[in-house]
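A.B. asks: Pasting input_23.cif here (mmCIF, C-alpha atoms):
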data_input
loop_
_atom_site.label_atom_id
_atom_site.label_comp_id
_atom_site.auth_asym_id
_atom_site.auth_seq_id
_atom_site.Cartn_x
_atom_site.Cartn_y
_atom_site.Cartn_z
CA MET A 196 -4.58 -27.97 2.90
CA SER A 197 -6.22 -24.98 1.24
CA LYS A 198 -4.74 -23.30 -1.83
CA GLY A 199 -5.97 -19.98 -0.47
CA ALA A 200 -8.87 -17.77 0.47
CA TYR A 201 -11.90 -17.02 -1.70
CA THR A 202 -10.23 -13.80 -2.86
CA ASP A 203 -7.27 -15.89 -4.05
CA PHE A 204 -9.70 -18.13 -5.92
CA LEU A 205 -11.30 -15.12 -7.64
CA SER A 206 -7.88 -13.76 -8.57
CA ALA A 207 -6.83 -17.15 -9.97
CA ILE A 208 -10.02 -17.40 -12.05
CA GLY A 209 -9.52 -13.84 -13.31
CA GLN A 210 -5.91 -14.62 -14.21
CA ARG A 211 -6.89 -17.68 -16.23
CA GLU A 212 -9.84 -16.00 -17.92
CA SER A 213 -8.27 -12.67 -18.87
CA GLY A 214 -4.93 -12.11 -17.17
CA ASN A 215 -7.03 -10.17 -14.61
CA ASN A 216 -7.68 -7.56 -17.30
CA TYR A 217 -11.10 -5.98 -16.86
CA SER A 218 -11.23 -4.57 -20.40
CA VAL A 219 -10.66 -7.81 -22.36
CA VAL A 220 -13.20 -8.95 -24.94
CA ALA A 221 -12.54 -12.51 -26.14
CA THR A 222 -13.07 -13.47 -29.77
CA PRO A 223 -16.54 -15.00 -29.22
CA GLY A 224 -17.60 -11.86 -27.33
CA TYR A 225 -17.06 -12.76 -23.67
CA LEU A 226 -16.48 -9.71 -21.51
CA GLY A 227 -14.04 -8.59 -18.91
CA ARG A 228 -11.92 -10.05 -16.17
CA PHE A 229 -14.15 -13.11 -15.72
CA GLN A 230 -15.27 -13.48 -19.35
CA PHE A 231 -19.03 -13.18 -18.94
CA ASP A 232 -21.46 -14.06 -21.68
CA GLU A 233 -24.91 -12.55 -22.09
CA GLY A 234 -26.68 -15.48 -20.44
CA ALA A 235 -24.66 -15.24 -17.23
CA LEU A 236 -25.15 -11.49 -16.90
CA LYS A 237 -28.85 -11.89 -17.65
CA ALA A 238 -29.19 -14.67 -15.06
CA ILE A 239 -27.76 -12.44 -12.32
CA GLY A 240 -29.80 -9.40 -13.30
CA PHE A 241 -27.17 -7.20 -14.94
CA TYR A 242 -28.29 -7.51 -18.57
CA ASN A 243 -31.75 -7.65 -20.14
CA GLY A 244 -30.62 -9.56 -23.20
CA ASP A 245 -31.22 -8.94 -26.89
CA THR A 246 -32.75 -10.64 -29.93
CA THR A 247 -29.53 -11.93 -31.51
CA THR A 248 -27.85 -15.28 -30.92
CA ALA A 249 -24.42 -13.64 -30.98
CA ILE A 250 -22.60 -12.64 -27.81
CA ASP A 251 -22.76 -8.98 -28.81
CA PHE A 252 -24.37 -7.18 -25.86
CA ILE A 253 -26.47 -4.92 -28.08
CA GLY A 254 -29.46 -5.07 -25.74
CA SER A 255 -30.24 -3.01 -22.69
CA TRP A 256 -28.68 -3.19 -19.25
CA THR A 257 -30.69 -3.37 -16.03
CA SER A 258 -31.17 -0.95 -13.16
CA LYS A 259 -28.86 -3.22 -11.15
CA ALA A 260 -26.13 -2.58 -13.74
CA ALA A 261 -26.98 1.13 -13.68
CA SER A 262 -26.31 1.15 -9.94
CA TYR A 263 -22.66 0.51 -10.92
CA GLY A 264 -22.75 3.13 -13.70
CA VAL A 265 -23.21 0.50 -16.41
CA ALA A 266 -25.51 1.24 -19.36
CA SER A 267 -23.43 -0.35 -22.12
CA LYS A 268 -20.83 -2.96 -22.92
CA ALA A 269 -18.13 -0.28 -22.74
CA ASP A 270 -19.36 0.81 -19.30
CA PHE A 271 -19.23 -2.78 -18.05
CA LEU A 272 -15.69 -3.22 -19.35
CA ALA A 273 -14.65 0.00 -17.60
CA SER A 274 -16.23 -0.87 -14.25
CA HIS A 275 -14.14 -2.98 -11.89
CA ALA A 276 -16.88 -2.68 -9.26
CA ALA A 277 -19.58 -4.02 -11.61
CA GLN A 278 -17.47 -6.96 -12.73
CA ASP A 279 -16.41 -7.83 -9.18
CA ALA A 280 -20.03 -7.67 -8.00
CA ALA A 281 -21.14 -9.74 -10.99
CA ILE A 282 -18.71 -12.57 -10.26
CA LEU A 283 -19.87 -12.75 -6.64
CA ASP A 284 -23.51 -12.88 -7.79
CA TRP A 285 -22.62 -15.44 -10.47
CA PHE A 286 -20.87 -17.80 -8.06
CA ASN A 287 -23.75 -17.40 -5.58
CA LEU A 288 -26.13 -18.47 -8.34
CA LEU A 289 -23.90 -21.36 -9.40
CA ASP A 290 -23.66 -22.55 -5.79
CA GLN A 291 -27.47 -22.56 -5.58
CA GLU A 292 -27.64 -24.59 -8.80
CA LEU A 293 -25.00 -27.05 -7.55
CA THR A 294 -27.12 -27.54 -4.43
CA ARG A 295 -30.35 -27.92 -6.43
CA GLU A 296 -28.67 -30.57 -8.61
CA ASN A 297 -27.20 -32.27 -5.51
CA LEU A 298 -23.69 -32.05 -6.98
CA GLN A 299 -21.90 -31.00 -3.81
CA GLY A 300 -22.18 -34.61 -2.66
CA TYR A 301 -19.40 -35.37 -5.13
CA GLU A 302 -16.99 -33.28 -3.08
CA GLY A 303 -14.07 -35.38 -1.86
CA GLN A 304 -14.40 -37.98 -4.62
CA THR A 305 -11.77 -38.44 -7.30
CA ILE A 306 -13.38 -38.45 -10.73
CA GLY A 307 -11.49 -38.62 -13.98
CA GLY A 308 -8.29 -38.39 -11.96
CA VAL A 309 -9.35 -35.11 -10.32
CA LEU A 310 -10.19 -34.55 -6.65
CA ILE A 311 -13.56 -32.81 -6.58
CA THR A 312 -13.83 -29.71 -4.37
CA GLU A 313 -16.36 -26.90 -3.98
CA SER A 314 -14.12 -24.30 -5.60
CA GLY A 315 -13.30 -26.66 -8.46
CA MET A 316 -17.00 -27.28 -9.08
CA LEU A 317 -17.73 -23.54 -9.12
CA ALA A 318 -14.95 -23.04 -11.66
CA GLY A 319 -16.08 -26.03 -13.73
CA ALA A 320 -19.65 -24.69 -13.79
CA HIS A 321 -18.32 -21.26 -14.80
CA LEU A 322 -16.55 -22.87 -17.76
CA ALA A 323 -19.12 -25.44 -18.88
CA GLY A 324 -22.35 -24.54 -17.12
CA VAL A 325 -23.87 -26.68 -14.41
CA GLY A 326 -25.02 -29.15 -17.06
CA GLY A 327 -21.49 -29.64 -18.39
CA LEU A 328 -20.15 -30.08 -14.88
CA LYS A 329 -22.92 -32.54 -14.01
CA ALA A 330 -22.22 -34.56 -17.15
CA PHE A 331 -18.55 -34.85 -16.15
CA LEU A 332 -19.36 -35.89 -12.59
CA THR A 333 -22.14 -38.36 -13.39
CA SER A 334 -20.21 -39.98 -16.26
CA GLY A 335 -17.18 -40.70 -14.11
CA GLY A 336 -15.24 -38.12 -16.13
CA SER A 337 -15.90 -39.56 -19.59
CA GLN A 338 -18.02 -36.57 -20.67
CA ASN A 339 -15.43 -33.82 -20.41
CA PHE A 340 -16.77 -30.66 -22.11
CA ALA A 341 -14.21 -28.39 -23.77
CA ASP A 342 -14.74 -24.72 -24.57
CA PHE A 343 -13.74 -22.98 -27.81
CA ASN A 344 -10.12 -22.82 -26.58
CA GLY A 345 -10.01 -26.56 -25.90
CA THR A 346 -10.12 -26.09 -22.10
CA HIS A 347 -11.85 -29.03 -20.42
CA VAL A 348 -14.04 -29.14 -17.33
CA SER A 349 -11.40 -31.39 -15.76
CA ASP A 350 -8.80 -28.64 -16.29
CA TYR A 351 -10.86 -26.17 -14.25
CA LEU A 352 -11.76 -28.74 -11.60
CA SER A 353 -8.07 -29.45 -11.13
CA GLN A 354 -6.62 -25.95 -11.45
CA PHE A 355 -9.19 -24.26 -9.21
CA GLY A 356 -9.84 -27.03 -6.74
CA GLY A 357 -8.89 -26.64 -3.10
CA TYR A 358 -9.62 -22.96 -2.46
CA ASP A 359 -11.77 -21.83 0.44
CA THR A 360 -15.27 -20.69 -0.49
CA PRO A 361 -17.98 -18.92 1.52
CA TYR A 362 -20.46 -21.70 0.73
CA PRO A 363 -21.41 -24.49 3.09
CA ASP A 364 -21.17 -28.03 1.78
CA GLY A 365 -24.15 -29.68 0.10
CA ALA A 366 -25.45 -31.26 3.30
CA ALA A 367 -25.52 -27.91 5.10
CA SER A 368 -27.15 -26.25 2.09
CA GLY A 369 -30.20 -28.48 2.15
CA SER A 370 -29.04 -31.42 0.08
CA THR A 371 -30.89 -34.47 1.32
CA SER A 372 -28.50 -37.21 0.28
CA PRO A 373 -25.17 -37.53 -1.47
CA PRO A 374 -25.15 -38.74 -5.05
CA PRO A 375 -23.83 -42.20 -5.74
CA ALA A 376 -20.08 -42.51 -6.23
CA ALA A 377 -19.17 -41.83 -9.81
CA SER A 378 -18.55 -44.92 -11.82
CA THR A 379 -15.44 -45.35 -13.85
CA PRO A 380 -16.46 -45.65 -17.48
CA THR A 381 -15.49 -48.79 -19.33
CA SER A 382 -14.46 -48.52 -22.91
#
Taking this structure as input, can you express it in the form of structure tokens?

C.D. replies:
Amino acid sequence: MSKGAYTDFLSAIGQRESGNNYSVVATPGYLGRFQFDEGALKAIGFYNGDTTTAIDFIGSWTSKAASYGVASKADFLASHAAQDAAILDWFNLLDQELTRENLQGYEGQTIGGVLITESGMLAGAHLAGVGGLKAFLTSGGSQNFADFNGTHVSDYLSQFGGYDTPYPDGAASGSTSPPPAASTPTS
């Protein structure tokens, strides 16, 4: 049974990330309703990047961002349309990366006590990157990345699992074979 539609999933992610507040800037510098960092916005063509290692958004914004009226950090924080478009582009990109890494084959397995679903994997990749999600899945849950707030990949897999997504499963997306079942780590 589904927890809800894709729009419900996006609302739930936004609630967890920022209380669905588009103008929030988190302590490390993450922006907006979905708490984007520079790398994510650069990867989806909204931000050109800058020369600092800080999440400070002092670089230039792209023509794609300009199409939403965004030429600065303040503009991005003020634009619901830009942030909503960015999250759709971001999850499209993450879905492509999940397919490329053949991670959708884990869907339906229980790993680290969590049932793995497409929406959960998208959320887990949003939190920890595809690499952090992959480490969790391939380690049987023993490598459970936590962000600066102490939120683990398993938390996002569990909380955001079970929503409908617009993405076909790994087999329909071109995955050639499912990954092996995750092993339970021994310690």

A.B. asks: The PyMOL selection byres ((chain A and resi 230) around 8) on the file shown: which residues, as a PyMOL selection string?

C.D. replies: chain A and resi 212-213+219-221+225-229+231-232

A.B. asks: Please determine, counting all atoms listed in the file, which residue among A:Ser267, A:Ser206, A:Gln278, A:Ser353 has the shortest atom-to-atom distance to Ser255 (chain A).

C.D. replies: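 Among the listed residues, A:Ser267 lies closest to Ser255 (chain A).
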
A.B. asks: Set the distance at 9 Å and use only C-alpha atoms: which residues neighbour Phe271 (chain A) once local chain neighbours fewer than 6 positions away are removed? I'd like the list as a list of chain:residue names.

C.D. replies: A:Tyr217, A:Ser218, A:Leu226, A:Gly227, A:Ala260, A:Tyr263, A:Gly264, A:Val265, A:Ala277, A:Gln278

A.B. asks: Take the residues from that selection and write them out as a CSV table (one decimal), keeping the file's coordinate frame, keeping C-alpha atoms.

C.D. replies:
chain,number,residue,atom,x,y,z
A,217,TYR,CA,-11.1,-6.0,-16.9
A,218,SER,CA,-11.2,-4.6,-20.4
A,226,LEU,CA,-16.5,-9.7,-21.5
A,227,GLY,CA,-14.0,-8.6,-18.9
A,260,ALA,CA,-26.1,-2.6,-13.7
A,263,TYR,CA,-22.7,0.5,-10.9
A,264,GLY,CA,-22.8,3.1,-13.7
A,265,VAL,CA,-23.2,0.5,-16.4
A,277,ALA,CA,-19.6,-4.0,-11.6
A,278,GLN,CA,-17.5,-7.0,-12.7

A.B. asks: Please measure the separation of CA of Tyr242 (chain A) and CA of Thr257 (chain A), giving the value in Å to one decimal.

C.D. replies: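 Rounded to one decimal, the two atoms are 5.4 Å apart.
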
A.B. asks: Can you work out the spacing between CA of Leu298 (chain A) and CA of Phe343 (chain A) in Å, to one decimal?

C.D. replies: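 Separation between CA of Leu298 (chain A) and CA of Phe343 (chain A): 24.8 Å.
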
A.B. asks: Identify, on the basis of all atoms listed in the file, every residue whose closest approach to Gly254 (chain A) does not exceed 8 Å; exclude the query and any residue fewer than 5 positions from it along the same chain; express the result as number ranges by chain.

C.D. replies: A: 242-246

A.B. asks: Skipping near chain neighbours, those fewer than 2 positions away, what residues fall within 12 Å of Ala207 (chain A) using all atoms listed in the file, listed as a list of chain:residue names?

C.D. replies: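 Result of the neighbour search: A:Lys198, A:Gly199, A:Ala200, A:Tyr201, A:Thr202, A:Asp203, A:Phe204, A:Leu205, A:Gly209, A:Gln210, A:Arg211, A:Glu212, A:Ser213, A:Gly214, A:Asn215, A:Arg228, A:Phe229, A:Ser314, A:Gly315, A:Ala318, A:Tyr351, A:Gln354, A:Phe355, A:Gly356, A:Gly357, A:Tyr358.
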
A.B. asks: Rank nothing, just name the residue among A:Asn297, A:Ser349, A:Thr333, A:Asn287 nearest to Leu310 (chain A), using only C-alpha atoms.

C.D. replies: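 Of A:Asn297, A:Ser349, A:Thr333, A:Asn287, the one nearest Leu310 (chain A) is A:Ser349, counting only C-alpha atoms.
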
A.B. asks: Would you translate the PyMOL selection byres ((chain A and resi 319) around 9) into the concrete set of residues it matches in this file, as an mmCIF file with C-alpha atoms, in the frame of the given file?

C.D. replies:
data_model
loop_
_atom_site.group_PDB
_atom_site.id
_atom_site.type_symbol
_atom_site.label_atom_id
_atom_site.label_comp_id
_atom_site.auth_asym_id
_atom_site.auth_seq_id
_atom_site.Cartn_x
_atom_site.Cartn_y
_atom_site.Cartn_z
ATOM 1 C CA SER A 314 -14.120 -24.300 -5.600
ATOM 2 C CA GLY A 315 -13.300 -26.660 -8.460
ATOM 3 C CA MET A 316 -17.000 -27.280 -9.080
ATOM 4 C CA LEU A 317 -17.730 -23.540 -9.120
ATOM 5 C CA ALA A 318 -14.950 -23.040 -11.660
ATOM 6 C CA ALA A 320 -19.650 -24.690 -13.790
ATOM 7 C CA HIS A 321 -18.320 -21.260 -14.800
ATOM 8 C CA LEU A 322 -16.550 -22.870 -17.760
ATOM 9 C CA ALA A 323 -19.120 -25.440 -18.880
ATOM 10 C CA GLY A 324 -22.350 -24.540 -17.120
ATOM 11 C CA VAL A 325 -23.870 -26.680 -14.410
ATOM 12 C CA GLY A 327 -21.490 -29.640 -18.390
ATOM 13 C CA LEU A 328 -20.150 -30.080 -14.880
ATOM 14 C CA HIS A 347 -11.850 -29.030 -20.420
ATOM 15 C CA VAL A 348 -14.040 -29.140 -17.330
ATOM 16 C CA SER A 349 -11.400 -31.390 -15.760
ATOM 17 C CA ASP A 350 -8.800 -28.640 -16.290
ATOM 18 C CA TYR A 351 -10.860 -26.170 -14.250
ATOM 19 C CA LEU A 352 -11.760 -28.740 -11.600
ATOM 20 C CA PHE A 355 -9.190 -24.260 -9.210
#

A.B. asks: Have a look at CA of Leu283 (chain A) and CA of Pro361 (chain A) and let me know their distance in Å, one decimal.

C.D. replies: 10.4 Å

A.B. asks: Using only C-alpha atoms, which residue out of A:Ala281, A:Glu292, A:Ala330, A:Gly336 lies closest to Gln304 (chain A)?

C.D. replies: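 Ranking A:Ala281, A:Glu292, A:Ala330, A:Gly336 by distance to Gln304 (chain A), first place goes to A:Gly336.
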
A.B. asks: Looking at all atoms listed in the file, which of A:Ala238, A:Val309, A:Glu233, A:Leu288 is the one that sits closest to Ile253 (chain A)?

C.D. replies: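 For Ile253 (chain A), the nearest of the given residues is A:Glu233.
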
A.B. asks: Tell me which of A:Gly326, A:Gly234, A:Phe252, A:Ser197 sits closest to Thr360 (chain A), counting only C-alpha atoms.

C.D. replies: A:Ser197

A.B. asks: With distances taken over all atoms listed in the file, which of A:Pro223, A:Asp270, A:Gly307, A:Asp359 is nearest to Asp342 (chain A)?

C.D. replies: A:Pro223
